[in-house]
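J.: This structure is in structure tokens; I'll ask about it shortly.
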Amino acid sequence: MYEAAHGRAPAVATGIKRAVPDSVVFTYQGDGDLAAIGTAEIVHAAARGERITTIFVNNAIYGMTGGQMAPTTLPGQVTETSPYGRDVKTAGYPIRVSEMISTLDGAVYVERVSVDSVPNIIKAKKAIKKAFEIQLQGLGFSLVEVLSICPTNWGLSPNESVKWLRDNMIPYYPLGVKKDATTGEVK
Amino acid sequence: MADKVLMKGNEAIGEAAIHAGCQCFFGYPITPQTEVAAYMSRRMPKVGRVFLQAESEVAAINMVYGAAGAGVRVMTSSSSPGISLKAEGISYIAGAELPCVIINIVRGGPGLGGIQPAQSDYFQATKGGGHGDYRLVVFAPASVQEMVDLVQDAFDVADKYRNPVMVMGDGMLGQMMEPVEFKERPKKELPEKTWAANGLKGREKHNVINSLFLKPEELEAHNNKLQEKYREIEKNEVRYELYNCDEEMDLVIVSYGTLSRICKNAIKMLKKEGINVGLIRPITLWPYPVEAFDKVIDKTKNGFISVEMSCGQMLEDVQLAVNGRKPVHFYGRSGGMVPTPAEIANKIKGIVGGAK
């Protein structure tokens with residue numbers, strides 16, 4: 001196991017996979033890490049078709065540093081650094097990472113899942129399994145975006161958080177397979 | 001004996017790394033070192049090894065972190081502004097105690113600076129560059145042949161101490177051609193990489209590569225361990241050349257890299273005028289060859305002069321090594337200006353008072 005610098009996990013994973021090609025390598029990255037400081041690394045790892053898997057956890061906020069606005073924070077969403085709600089006129093718009101990555105030829109399998117309900121958790125498990133199978137078959141880059149909750153920094157109870165995710169995140173970040181080059185499916 | 005071949009400095013770096021068993025090279029184009037990456041892109045696939053052009057210097061150094069942690073020999077190369085971008089990763093590599101080789105073919109700074117030869121990254125290389133209490137071993141070759149030898153040594157030193165090693169040359173050394181020989185090298189006894197995160201390999205627990213210690217007691221203990229290692233490196237790895245230092249001297253030049261060769265010519269010119277000047281040439285910039293100063297300090301009438309293609313960066317180490325025992329003078333050019341032997345000789349005549 002490696003601890004990579006903030007945002008750099010896809011580059012570190014590239015180094016590992018190239019050095020030891022028969023190893024199974026995945027990155028586990030949050031939305032601040034992957035979609036802000038590490039945008040270049042994830043885009044280029046995907047574009048190169050690195051035979052790695054990325055599990056991308058999107059909870060629309062910086063969790064570890066205590067609840068600041070992330071690139072995935074929704075318009076109007078209140079965070080420590082968007083206290084009046086994210087104003088898209090000054091703070092811009094959220095990034096839909098899965099849709100963006102699915103435009104790259106090196107990305108073989110991209111799916112967005114959610115862990116707000118048991119059926120969705122089962123779907124998430126299936127997607128992650130498929131992403132690793134893609135890697136084991138040496139087909140290229142795979143990414144699973146997991147919409148998840150952050151009760152602490154959202155200031156909501158776990159139950160309220162699940163409802164908030166369903167009501168706000170899923171409409172902005174539609175679930176499903178964004179690209180599956182093994183079947184030719186691109187959404 | 002191996003055959004001599006004519007090679008450009010930057011290409012010789014690549015070939016030396018291949019000879020040393022470098023398995024992976026991660027690079028990014030920047031003048032005046034781009035030929036290292038170009039050479040590796042041609043040669044590495046032919047010998048069944050990895051060449052990858054990263055999307056940035058930041059990514060390249062993190063790929064190095066990944067490959068080094070997996071236990072293979074790995075190298076990256078860049079030039080000054082690119083090394084600044086790599087500084088974050090170098091600090092992580094030093095913190096996680098990973099061996100790797102980093103080439104810096106220095107150009108003039110600060111900022112975007114220029115692309116002509118300079119030594120203005122001395123502070124960055126020897127005093128940190130990245131954050132935290134760490135050290136790089138820094139080799140400063142003066143010829144393409146020495147570059148070839150030191151790049152190979154750099155891999156051994158890196159593996160021996162689990163520490164990043166930088167080989168620093170200026171744009172002149174990277175660009176010029178000289179005859180080189182890839183000598184047969186005795187196999188070094190090096191510790192096995194039992195710490196590498198390359199799968200379980202029969203171990204009970206996964207190896208972990210990291211530089212995160214949230215408890216102050218643990219981070220201090222880690223730092224103390226690093227410091228112990230650095231003291232060991234200071235004891236074992238100091239390298240320098242003494243030139244014309246046997247007799248009584250009017251002055252001793254301290255100079256490294258290609259500039260030291262220009263200084264040798266200045267010394268020859270001055271000799272004809274009856275002025276005897278010696279030279280200390282640090283080959284390791286860290287650990288700094290303090291002992292070289294002790295060897296010559298009683299033989300120099302007018303002390304020392306640090307001659308640099310920077311604005312007095314090595315001067316501080318010269319002053320520390322001399323520690324007030326003799327005067328310390330300075331002559332430096334910067335921005336890609338390379339001093340001539342006559343220029344250096346004139347400066348020295350001004351200090352020692354002309355011909356005897």
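Every chain in the structure tokens has a letter given in the order shown (A, B, ...), and although residue numbers restart at 1 in each chain, ligands are simply numbered from 1 in the order shown.
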Using DSSP on the backbone coordinates, identify all residues within range 32-269 of chain B classified as helix (DSSP H, G or I); present the result as a PyMOL selection string.

T.: chain B and resi 34-46+57-69+80-95+122-126+144-161+171-175+216-236+258-269

J.: I'd like the neighbourhood of range 64-72 of chain B as a PDB file with C-alpha atoms, in the first residue's frame, where a residue qualifies if any of its atoms comes within 9 Å (using only C-alpha atoms), though same-chain residues fewer than 6 positions away should be ignored.

T.:
```
ATOM      1  CA  TYR A   2       1.128   3.511  -0.813  1.00  0.00           C
ATOM      2  CA  ALA A   4       0.360   9.283  -2.371  1.00  0.00           C
ATOM      3  CA  ALA A   9      -2.336   8.761  -6.874  1.00  0.00           C
ATOM      4  CA  ALA A  11       0.750   8.988 -11.323  1.00  0.00           C
ATOM      5  CA  VAL A  12       2.009   6.852  -8.421  1.00  0.00           C
ATOM      6  CA  ALA A  13      -0.212   3.983  -9.580  1.00  0.00           C
ATOM      7  CA  THR A  14       1.196   4.385 -13.096  1.00  0.00           C
ATOM      8  CA  GLY A  15       4.719   4.043 -11.697  1.00  0.00           C
ATOM      9  CA  ILE A  16       3.794   0.894  -9.777  1.00  0.00           C
ATOM     10  CA  LYS A  17       1.926  -0.732 -12.659  1.00  0.00           C
ATOM     11  CA  ARG A  18       4.695   0.026 -15.164  1.00  0.00           C
ATOM     12  CA  ALA A  19       7.353  -1.270 -12.767  1.00  0.00           C
ATOM     13  CA  VAL A  20       5.421  -4.416 -11.811  1.00  0.00           C
TER      14      VAL A  20
ATOM     15  CA  GLY B  21      20.069  -1.382 -14.429  1.00  0.00           C
ATOM     16  CA  CYS B  22      17.559   1.464 -14.460  1.00  0.00           C
ATOM     17  CA  GLN B  23      14.212  -0.270 -15.155  1.00  0.00           C
ATOM     18  CA  CYS B  24      11.961   2.764 -15.523  1.00  0.00           C
ATOM     19  CA  PHE B  25      12.448   6.304 -16.769  1.00  0.00           C
ATOM     20  CA  PHE B  26       9.769   8.956 -16.367  1.00  0.00           C
ATOM     21  CA  GLY B  89       7.540  14.637  -4.853  1.00  0.00           C
ATOM     22  CA  ILE B  90      11.229  14.631  -3.920  1.00  0.00           C
ATOM     23  CA  TYR B  92       7.810  12.619  -0.253  1.00  0.00           C
ATOM     24  CA  ILE B  93      10.438  10.273  -1.703  1.00  0.00           C
ATOM     25  CA  ALA B  96       9.335   7.572   2.503  1.00  0.00           C
ATOM     26  CA  GLU B  97      13.036   6.647   2.132  1.00  0.00           C
ATOM     27  CA  LEU B  98      12.878   5.522  -1.472  1.00  0.00           C
ATOM     28  CA  PRO B  99      15.960   5.192  -3.668  1.00  0.00           C
ATOM     29  CA  CYS B 100      15.924   6.946  -7.029  1.00  0.00           C
ATOM     30  CA  LYS B 193      14.750  -4.404  -0.867  1.00  0.00           C
ATOM     31  CA  THR B 194      12.645  -6.246   1.690  1.00  0.00           C
ATOM     32  CA  TRP B 195      10.677  -3.025   2.272  1.00  0.00           C
ATOM     33  CA  ALA B 196       9.349  -2.800  -1.317  1.00  0.00           C
ATOM     34  CA  ALA B 197       5.581  -2.744  -1.844  1.00  0.00           C
ATOM     35  CA  ASN B 198       5.558  -5.244  -4.694  1.00  0.00           C
ATOM     36  CA  GLY B 199       3.087  -7.840  -3.458  1.00  0.00           C
ATOM     37  CA  VAL B 208       3.523   0.293   3.255  1.00  0.00           C
ATOM     38  CA  ILE B 209       5.155   3.207   1.456  1.00  0.00           C
TER      39      ILE B 209
END
```

J.: My list of candidates is A:Ala91, A:Ala60, A:Ala40, A:Ile55. Which is closest to Ala131 in chain A when distances are computed with only C-alpha atoms?

T.: A:Ile55

J.: From the list B:Glu241, B:Glu217, B:Glu88, B:Asp250, which residue is nearest chain A when using only C-alpha atoms?

T.: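 Residue with the minimum atom-to-atom distance to chain A: B:Glu88.
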
J.: Show me, as a ChimeraX atom specification, the residues that have an atom within 6 Å of range 286-294 of chain B when counting only C-alpha atoms, minus same-chain residues fewer than 4 positions from it.

T.: /B:126,137-138,234,238,321

J.: Which distance in Å separates CA of Val338 in chain B and CA of Pro282 in chain B, to one decimal?

T.: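 Atom-to-atom, CA of Val338 in chain B and CA of Pro282 in chain B are spaced 18.7 Å apart.
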
J.: Just want the 7 Å neighbourhood of Ile61 in chain A, counted on only C-alpha atoms, with same-chain residues fewer than 3 positions away dropped. Output as a list in words.

T.: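 Returned residues: Gly67, Gln68, Met69, Ala70, Thr72 and Thr73 of chain A.
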
J.: Take the selection from the previous step and output its residues with all heavy atoms, as a compact mmCIF listing (two decimals), in the first residue's frame.

T.:
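The result, stored in result.txt:
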```txt
# COMPACT_ATOMS: atom_id res chain seq x y z
N GLY A 67 -14.72 20.26 5.50
CA GLY A 67 -15.97 20.73 4.90
C GLY A 67 -15.89 21.96 4.04
O GLY A 67 -16.75 22.85 4.12
N GLN A 68 -14.88 22.04 3.19
CA GLN A 68 -14.78 23.17 2.27
C GLN A 68 -15.41 22.81 0.92
O GLN A 68 -15.66 21.64 0.63
CB GLN A 68 -13.31 23.60 2.06
CG GLN A 68 -12.64 24.13 3.31
CD GLN A 68 -12.19 23.02 4.23
OE1 GLN A 68 -11.91 21.91 3.79
NE2 GLN A 68 -12.16 23.31 5.53
N MET A 69 -15.62 23.86 0.09
CA MET A 69 -16.20 23.65 -1.24
C MET A 69 -15.27 22.80 -2.10
O MET A 69 -14.06 23.06 -2.18
CB MET A 69 -16.43 25.00 -1.93
CG MET A 69 -17.11 24.86 -3.27
SD MET A 69 -17.40 26.47 -4.03
CE MET A 69 -15.74 26.91 -4.53
N ALA A 70 -15.83 21.78 -2.74
CA ALA A 70 -15.07 20.91 -3.65
C ALA A 70 -15.49 21.23 -5.08
O ALA A 70 -16.49 21.92 -5.29
CB ALA A 70 -15.37 19.45 -3.33
N THR A 72 -16.92 19.36 -6.89
CA THR A 72 -18.20 18.65 -7.07
C THR A 72 -19.33 19.24 -6.22
O THR A 72 -20.45 18.74 -6.27
CB THR A 72 -17.99 17.19 -6.66
OG1 THR A 72 -17.26 17.20 -5.43
CG2 THR A 72 -17.20 16.42 -7.70
N THR A 73 -19.01 20.24 -5.42
CA THR A 73 -20.05 20.89 -4.60
C THR A 73 -21.14 21.45 -5.51
O THR A 73 -20.85 22.07 -6.54
CB THR A 73 -19.41 22.01 -3.75
OG1 THR A 73 -18.55 21.41 -2.77
CG2 THR A 73 -20.46 22.86 -3.05
```

J.: Restricting the calculation to only C-alpha atoms: of A:Thr183, A:Thr103, A:Ser23, A:Ser148, which residue gets closest to Asn168 in chain A?

T.: A:Ser148

J.: In Å to one decimal, how far is CA of Ile105 in chain B from CA of Arg8 in chain A?

T.: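 Between these atoms lies a distance of 24.6 Å.
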
J.: In Å, with one decimal, what is the gap from CA of Pro94 in chain A to CA of Ala181 in chain A?

T.: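 Straight-line distance from CA of Pro94 in chain A to CA of Ala181 in chain A works out to 25.9 Å.
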
J.: Excluding Leu143 in chain A and any residue of its chain fewer than 4 positions from it, enumerate the residues within 9 Å of it, using only C-alpha atoms, and give them as a PDB file with C-alpha atoms, in the first residue's frame.

T.:
```
ATOM      1  CA  ALA A  46      -7.162   7.552 -18.287  1.00  0.00           C
ATOM      2  CA  ILE A  52      -5.337   0.539 -13.254  1.00  0.00           C
ATOM      3  CA  THR A  53      -8.671   1.020 -11.513  1.00  0.00           C
ATOM      4  CA  THR A  54      -9.822   4.201  -9.809  1.00  0.00           C
ATOM      5  CA  ILE A  55     -12.452   4.257  -7.106  1.00  0.00           C
ATOM      6  CA  PHE A  56     -13.607   7.850  -6.979  1.00  0.00           C
ATOM      7  CA  SER A  98     -17.392  10.261 -15.063  1.00  0.00           C
ATOM      8  CA  ILE A 101     -13.400  10.671 -18.371  1.00  0.00           C
ATOM      9  CA  ALA A 107     -10.919   4.768 -20.577  1.00  0.00           C
ATOM     10  CA  VAL A 108     -12.509   1.351 -21.043  1.00  0.00           C
ATOM     11  CA  TYR A 109     -15.120   1.262 -18.327  1.00  0.00           C
ATOM     12  CA  VAL A 110     -16.670   4.190 -16.432  1.00  0.00           C
ATOM     13  CA  GLU A 111     -19.714   3.920 -14.193  1.00  0.00           C
ATOM     14  CA  ARG A 112     -21.318   6.154 -11.578  1.00  0.00           C
ATOM     15  CA  ILE A 128     -16.323  -2.293  -8.809  1.00  0.00           C
ATOM     16  CA  ALA A 131     -13.766  -2.458 -13.099  1.00  0.00           C
TER      17      ALA A 131
END
```

J.: Quick one: residues within 12 Å of Val118 in chain A, only C-alpha atoms counted, chain neighbours fewer than 6 positions away excluded, as a list in words?

T.: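 Selected residues are Ala124, Lys125 and Val162 of chain A.
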
J.: Find the spatial neighbours of Ile95 in chain A, counting only C-alpha atoms, within a cut-off of 10 Å - ignore same-chain residues fewer than 5 positions away - and output them as a PyMOL selection string.

T.: chain A and resi 31+35-36+70-74+100+173
